[in-house]
Amino acid sequence: MTTTASRHPEAPGALSFPRHSARTQRFTLGAPRAFTIAPDGERVVFLRSAGGTERSNRLWVLDLAGGAAERLAADPDALLGGRGERLSAQERARRERSREGSAGIVAYATDAAVELAAFALSGRLFTAELRAGTARELPARGPVLDPRPSPDGRHVAYVARGALRVVGAEGEDDRALAEPESSEVTYGLAEFIAAEEMSRSRGHWWSPDSDRLLVARADESDVRRWWIADPANPGEEPARVAYPAAGTPNAEVRLFLYALDGARTEIVWDRARHPYLARVHWSADGAPLLLVQSRDQRTQLHLAVNPETGATRTVHVDEDPDWLELLPGGPAWAPDGRLVRIADEGGARVLAVGDRTFTGPQLQVRAVLDIGDSDVLISASAGEKASAAAAGAPETGEIHVYRVNELGTERVSDGAGVHSAVRSGAVTVLSSARPDRPGTVVRVLRDGRELVKIASYADEPRLAVRLRLTQGGARRIPCAVLLPAHYQEADGPLPVLMDPYGGPHGQRVLAAHNAHLASQWFADQGFAVVVADGRGTPGRSPAWEKAIRDDFTLALDDQIEALHGLAGAYPLDLGRVAMRGWSFGGYLSALAVLRRPDVFHAGIAGAPVTDWELYDTHYTERYLGLPSSNPDVYAANSLVSAGELTQAVAPARPLMVIHGMADDNVVVAHTLRLSSALLAAGHPHDVLPLTGVTHMTPQEQVAENLLLLQVDFLRRSLELPRK
């Protein structure tokens, strides 16, 4: 059975692909997301906007009993009386950290029974009764951040102005449990490093009994202050931000247990040796569980907390000579009390339950999705052993969902694609993006049998992706190749555009149609587009990811190997090769034209890191260590050091550098320092500053024109005819 819903009435008309992609936020608006399943198996809660060009998310409930009907649980427009949202600086920062570009209800949390949902709108606190389908505002101090109901649904905890507050579910007895001692302190929020690099987006956790909360306290007093200015508006004061650059102090993070009467107990561990609070888990299956890391990220402790005293005991210790990766869903307790974690053991990334490993090198575990009474649901891609054993390109770019227990492994998802899931009891919500069709299909299963599909209102791109998934070079580097839609062999070799991210946490070669839309559009402008995931990218093996320790330039070597390895099988003109990329991909593009102009003839570097001493602690130190200990490593990996190019080889190739002036992640100083050094070295280049733009580019006209300007630059630089 399939639910039906009308699409948004606005047709795309004659919109160009760049404008259509920008208006739909790369065709994500209108797609269902953020699923929660009620433990009784009767409801699925999710977010979805009203159409493919509508940014404002609504809260929906899918009732599985009696016909699997959808109903609207909360409409932001109605709740705000048609007035637009006003976001606080803290909320804008939270959305920047999570790369959230939509509006309306962008996040919600529920009680244990999934009967009450809480969310913030325009800095105000709202709840929705999910059975009744009614929503209302609760009186609360504002601006409200990250509201979360207690498991029993009787209270809602939230953060306002750095204080952790609790209010009754009926709006009574709003009070502060933890108030900041200064403007540099927050309670209940994730600090910058946790949200940006550790994927820990929250800072407070209810007890299973709803009588206490674990609350993170972050003190940024020692973190260096940077100023993010808007040069286009010189009358406005620069924004003051706490930015922990590599080798400088982080926020001091402590953890407290608060009772509802305000009594608090500090949770004690050796914070001097393990300052990073990476994960917190508290369920009815065991004591509160913490994962804390050393600053060099080579040691981490799994700690069980005594809630009465605040003392901790070590449950497990992980050590690695390179670094320890943080992954979703773990650590956690299984219902039988065993520790569930993802570990790098025996050359593979495996699922470990208690003292046993449940998977081997055939799989590269990506996340723990759910822990049941008799199994664990995970997502995983083909591991190194699977790649070595199979001929050709085994499951290149695919991610699947598996059920795992002592008896073995069973694949839940089917068909080539990128699959993910949410599960509670017998009900699973399985999302599948496939290479041969646009969008994502969301199916609701009960005991493995499909009950219903959740409708998507997302626009479909009027662009056919001709995706070829393969491997290139002796290292069998995962690659995607895209040729123009009407290309014929008689057309001869094509100028090449390498289009990577190419670095940690950024898999670009995916067996999914929409992941390659922009690359296909570039291909249709007359290029052979190659996307390559070399060493450092996720999804293959720990050794593959960790090969770049102390040397990011290996990522560039693999782009070259993939290019040359594919040249015999595809129409690639190696005399006309360019690279474009954003963030790490931008760094890689600038690195390509500066250090390997023999291979690359033009580059487009968007928001590039150019001096690694200017990037943040947790990310940079994981790969390069401390600047004070490894100055030569930083210099070798940076494009600029002490105001000069660290290395540049003739001839000087055309380089376009793009940067958002409001970027607080990769600050615009990276581009300004690079431009100054290029100018001093006599290296011609273009700089495109984006006023008011952050590390994301959600503005419709900006996002559209960026693509058009890049194509124009590539045609000029490679001396191609203009269309």
# chains A, B, ... in the order shown; residues from 1 in each chain; ligands from 1
>>> select_by_dssp(residues="region 645-698 of chain A", states="strand (DSSP E)", output="ChimeraX atom specification")
/A:645,655-660,686-690
>>> select_by_dssp(residues="region 1-139 of chain A", states="helix (DSSP H, G or I)", output="list of chain:residue names")
A:Phe17, A:Pro18, A:Arg19, A:His20, A:Ser21, A:Ala22, A:Arg23, A:Pro76, A:Asp77, A:Ala78, A:Leu79, A:Ala89, A:Gln90, A:Glu91, A:Arg92, A:Ala93, A:Arg94, A:Arg95, A:Glu96, A:Arg97
>>> write_last_selection(atoms="N, CA, C and O atoms", output="CSV table (one decimal), in the first residue's frame")
chain,number,residue,atom,x,y,z
A,17,PHE,N,18.8,24.0,-14.6
A,17,PHE,CA,19.2,23.0,-13.6
A,17,PHE,C,19.8,23.8,-12.4
A,17,PHE,O,19.5,23.5,-11.2
A,18,PRO,N,20.7,24.7,-12.6
A,18,PRO,CA,21.3,25.4,-11.5
A,18,PRO,C,20.3,26.1,-10.6
A,18,PRO,O,20.4,26.0,-9.4
A,19,ARG,N,19.3,26.8,-11.2
A,19,ARG,CA,18.3,27.4,-10.4
A,19,ARG,C,17.4,26.4,-9.7
A,19,ARG,O,17.0,26.6,-8.6
A,20,HIS,N,17.0,25.4,-10.5
A,20,HIS,CA,16.1,24.3,-9.9
A,20,HIS,C,16.8,23.6,-8.7
A,20,HIS,O,16.2,23.4,-7.7
A,21,SER,N,18.1,23.3,-8.9
A,21,SER,CA,18.8,22.7,-7.8
A,21,SER,C,18.9,23.6,-6.6
A,21,SER,O,18.7,23.1,-5.5
A,22,ALA,N,19.2,24.9,-6.8
A,22,ALA,CA,19.3,25.8,-5.7
A,22,ALA,C,17.9,26.0,-5.0
A,22,ALA,O,17.9,26.0,-3.8
A,23,ARG,N,16.9,26.1,-5.8
A,23,ARG,CA,15.6,26.4,-5.2
A,23,ARG,C,15.1,25.2,-4.4
A,23,ARG,O,14.3,25.4,-3.4
A,76,PRO,N,4.1,24.8,11.2
A,76,PRO,CA,4.8,26.1,11.6
A,76,PRO,C,4.0,27.3,11.2
A,76,PRO,O,4.0,28.3,12.0
A,77,ASP,N,3.5,27.4,10.0
A,77,ASP,CA,2.8,28.6,9.6
A,77,ASP,C,1.6,28.9,10.5
A,77,ASP,O,1.4,30.0,10.9
A,78,ALA,N,0.8,27.8,10.9
A,78,ALA,CA,-0.3,28.0,11.7
A,78,ALA,C,0.1,28.4,13.1
A,78,ALA,O,-0.4,29.3,13.8
A,79,LEU,N,1.2,27.8,13.6
A,79,LEU,CA,1.6,28.0,15.0
A,79,LEU,C,2.2,29.4,15.2
A,79,LEU,O,2.1,30.0,16.2
A,89,ALA,N,21.1,34.0,17.3
A,89,ALA,CA,22.5,33.7,16.9
A,89,ALA,C,22.9,32.3,17.2
A,89,ALA,O,23.5,31.6,16.4
A,90,GLN,N,22.4,31.8,18.4
A,90,GLN,CA,22.8,30.5,18.8
A,90,GLN,C,22.1,29.4,18.0
A,90,GLN,O,22.7,28.4,17.6
A,91,GLU,N,20.8,29.7,17.6
A,91,GLU,CA,20.1,28.7,16.7
A,91,GLU,C,20.7,28.7,15.3
A,91,GLU,O,20.9,27.7,14.7
A,92,ARG,N,21.1,29.9,14.8
A,92,ARG,CA,21.8,29.9,13.5
A,92,ARG,C,23.1,29.1,13.5
A,92,ARG,O,23.4,28.4,12.6
A,93,ALA,N,23.8,29.3,14.6
A,93,ALA,CA,25.1,28.5,14.8
A,93,ALA,C,24.8,27.0,14.8
A,93,ALA,O,25.5,26.2,14.2
A,94,ARG,N,23.8,26.6,15.6
A,94,ARG,CA,23.4,25.2,15.6
A,94,ARG,C,23.1,24.6,14.2
A,94,ARG,O,23.5,23.5,13.9
A,95,ARG,N,22.4,25.4,13.5
A,95,ARG,CA,22.0,24.9,12.1
A,95,ARG,C,23.2,24.9,11.2
A,95,ARG,O,23.4,24.0,10.3
A,96,GLU,N,24.1,25.8,11.4
A,96,GLU,CA,25.4,25.8,10.6
A,96,GLU,C,26.2,24.6,10.9
A,96,GLU,O,26.7,23.9,10.0
A,97,ARG,N,26.3,24.2,12.2
A,97,ARG,CA,27.0,23.0,12.6
A,97,ARG,C,26.5,21.8,12.0
A,97,ARG,O,27.2,20.9,11.6
>>> closest_residue(among="A:Gly586, A:Gly575, A:Gly330, A:Ile342", to="His670 (chain A)", atoms="only C-alpha atoms")
A:Gly586
>>> residues_around(residues="Ala523 (chain A)", least_positions_apart="3", cutoff="10 Å", atoms="only C-alpha atoms", output="ChimeraX atom specification")
/A:465-466,481-485,487,494-497,517-520,526-530
>>> write_last_selection(atoms="N, CA, C and O atoms", output="compact mmCIF listing (two decimals), in the first residue's frame")
# COMPACT_ATOMS: atom_id res chain seq x y z
N VAL A 465 21.00 11.21 -15.02
CA VAL A 465 22.37 10.91 -14.59
C VAL A 465 22.83 9.63 -15.27
O VAL A 465 22.23 8.57 -15.09
N ARG A 466 23.90 9.75 -16.05
CA ARG A 466 24.49 8.57 -16.72
C ARG A 466 25.69 8.14 -15.87
O ARG A 466 26.83 8.49 -16.15
N VAL A 481 32.13 7.91 -13.04
CA VAL A 481 32.43 8.61 -14.29
C VAL A 481 31.11 9.03 -14.92
O VAL A 481 30.17 8.24 -15.01
N LEU A 482 31.04 10.30 -15.34
CA LEU A 482 29.83 10.83 -15.95
C LEU A 482 30.21 11.53 -17.25
O LEU A 482 31.10 12.38 -17.27
N LEU A 483 29.54 11.15 -18.34
CA LEU A 483 29.78 11.72 -19.66
C LEU A 483 28.57 12.53 -20.08
O LEU A 483 27.46 12.36 -19.54
N PRO A 484 28.72 13.42 -21.06
CA PRO A 484 27.56 14.19 -21.53
C PRO A 484 26.43 13.28 -22.00
O PRO A 484 26.67 12.18 -22.53
N ALA A 485 25.20 13.76 -21.82
CA ALA A 485 24.03 12.92 -22.12
C ALA A 485 24.03 12.43 -23.56
O ALA A 485 23.60 11.31 -23.84
N TYR A 487 26.72 12.17 -25.59
CA TYR A 487 28.07 11.85 -26.07
C TYR A 487 28.06 10.57 -26.92
O TYR A 487 27.39 9.58 -26.59
N LEU A 494 37.27 14.02 -24.27
CA LEU A 494 36.64 15.18 -23.65
C LEU A 494 37.56 15.81 -22.62
O LEU A 494 38.35 15.11 -21.96
N PRO A 495 37.47 17.14 -22.45
CA PRO A 495 38.17 17.74 -21.31
C PRO A 495 37.65 17.12 -20.02
O PRO A 495 36.47 16.77 -19.92
N VAL A 496 38.53 17.00 -19.04
CA VAL A 496 38.20 16.26 -17.83
C VAL A 496 38.01 17.22 -16.67
O VAL A 496 38.81 18.15 -16.47
N LEU A 497 36.97 16.98 -15.89
CA LEU A 497 36.76 17.71 -14.64
C LEU A 497 36.75 16.70 -13.50
O LEU A 497 35.85 15.87 -13.40
N LEU A 517 24.02 14.66 -9.37
CA LEU A 517 23.32 15.56 -10.27
C LEU A 517 24.20 16.72 -10.74
O LEU A 517 24.25 17.03 -11.94
N ALA A 518 24.87 17.38 -9.82
CA ALA A 518 25.72 18.50 -10.22
C ALA A 518 26.85 18.04 -11.13
O ALA A 518 27.20 18.73 -12.11
N SER A 519 27.42 16.87 -10.83
CA SER A 519 28.48 16.34 -11.69
C SER A 519 27.96 16.06 -13.09
O SER A 519 28.65 16.33 -14.09
N GLN A 520 26.74 15.52 -13.20
CA GLN A 520 26.16 15.26 -14.52
C GLN A 520 25.90 16.57 -15.26
O GLN A 520 26.12 16.65 -16.48
N GLY A 526 29.95 19.59 -21.48
CA GLY A 526 31.01 19.18 -22.40
C GLY A 526 32.23 18.57 -21.74
O GLY A 526 33.30 18.53 -22.35
N PHE A 527 32.07 18.07 -20.51
CA PHE A 527 33.19 17.50 -19.78
C PHE A 527 32.97 16.00 -19.51
O PHE A 527 31.83 15.54 -19.41
N ALA A 528 34.07 15.30 -19.38
CA ALA A 528 34.04 13.98 -18.74
C ALA A 528 34.34 14.23 -17.27
O ALA A 528 35.43 14.70 -16.92
N VAL A 529 33.38 13.95 -16.41
CA VAL A 529 33.53 14.23 -14.99
C VAL A 529 33.92 12.95 -14.27
O VAL A 529 33.29 11.90 -14.46
N VAL A 530 34.96 13.04 -13.45
CA VAL A 530 35.44 11.91 -12.68
C VAL A 530 35.36 12.27 -11.20
O VAL A 530 35.90 13.30 -10.78
>>> residues_around(residues="region 147-164 of chain A", least_positions_apart="6", cutoff="8 Å", atoms="only C-alpha atoms", output="number ranges by chain")
A: 108-113, 115-120, 125, 141, 176-180, 183, 185-189, 206-210, 215
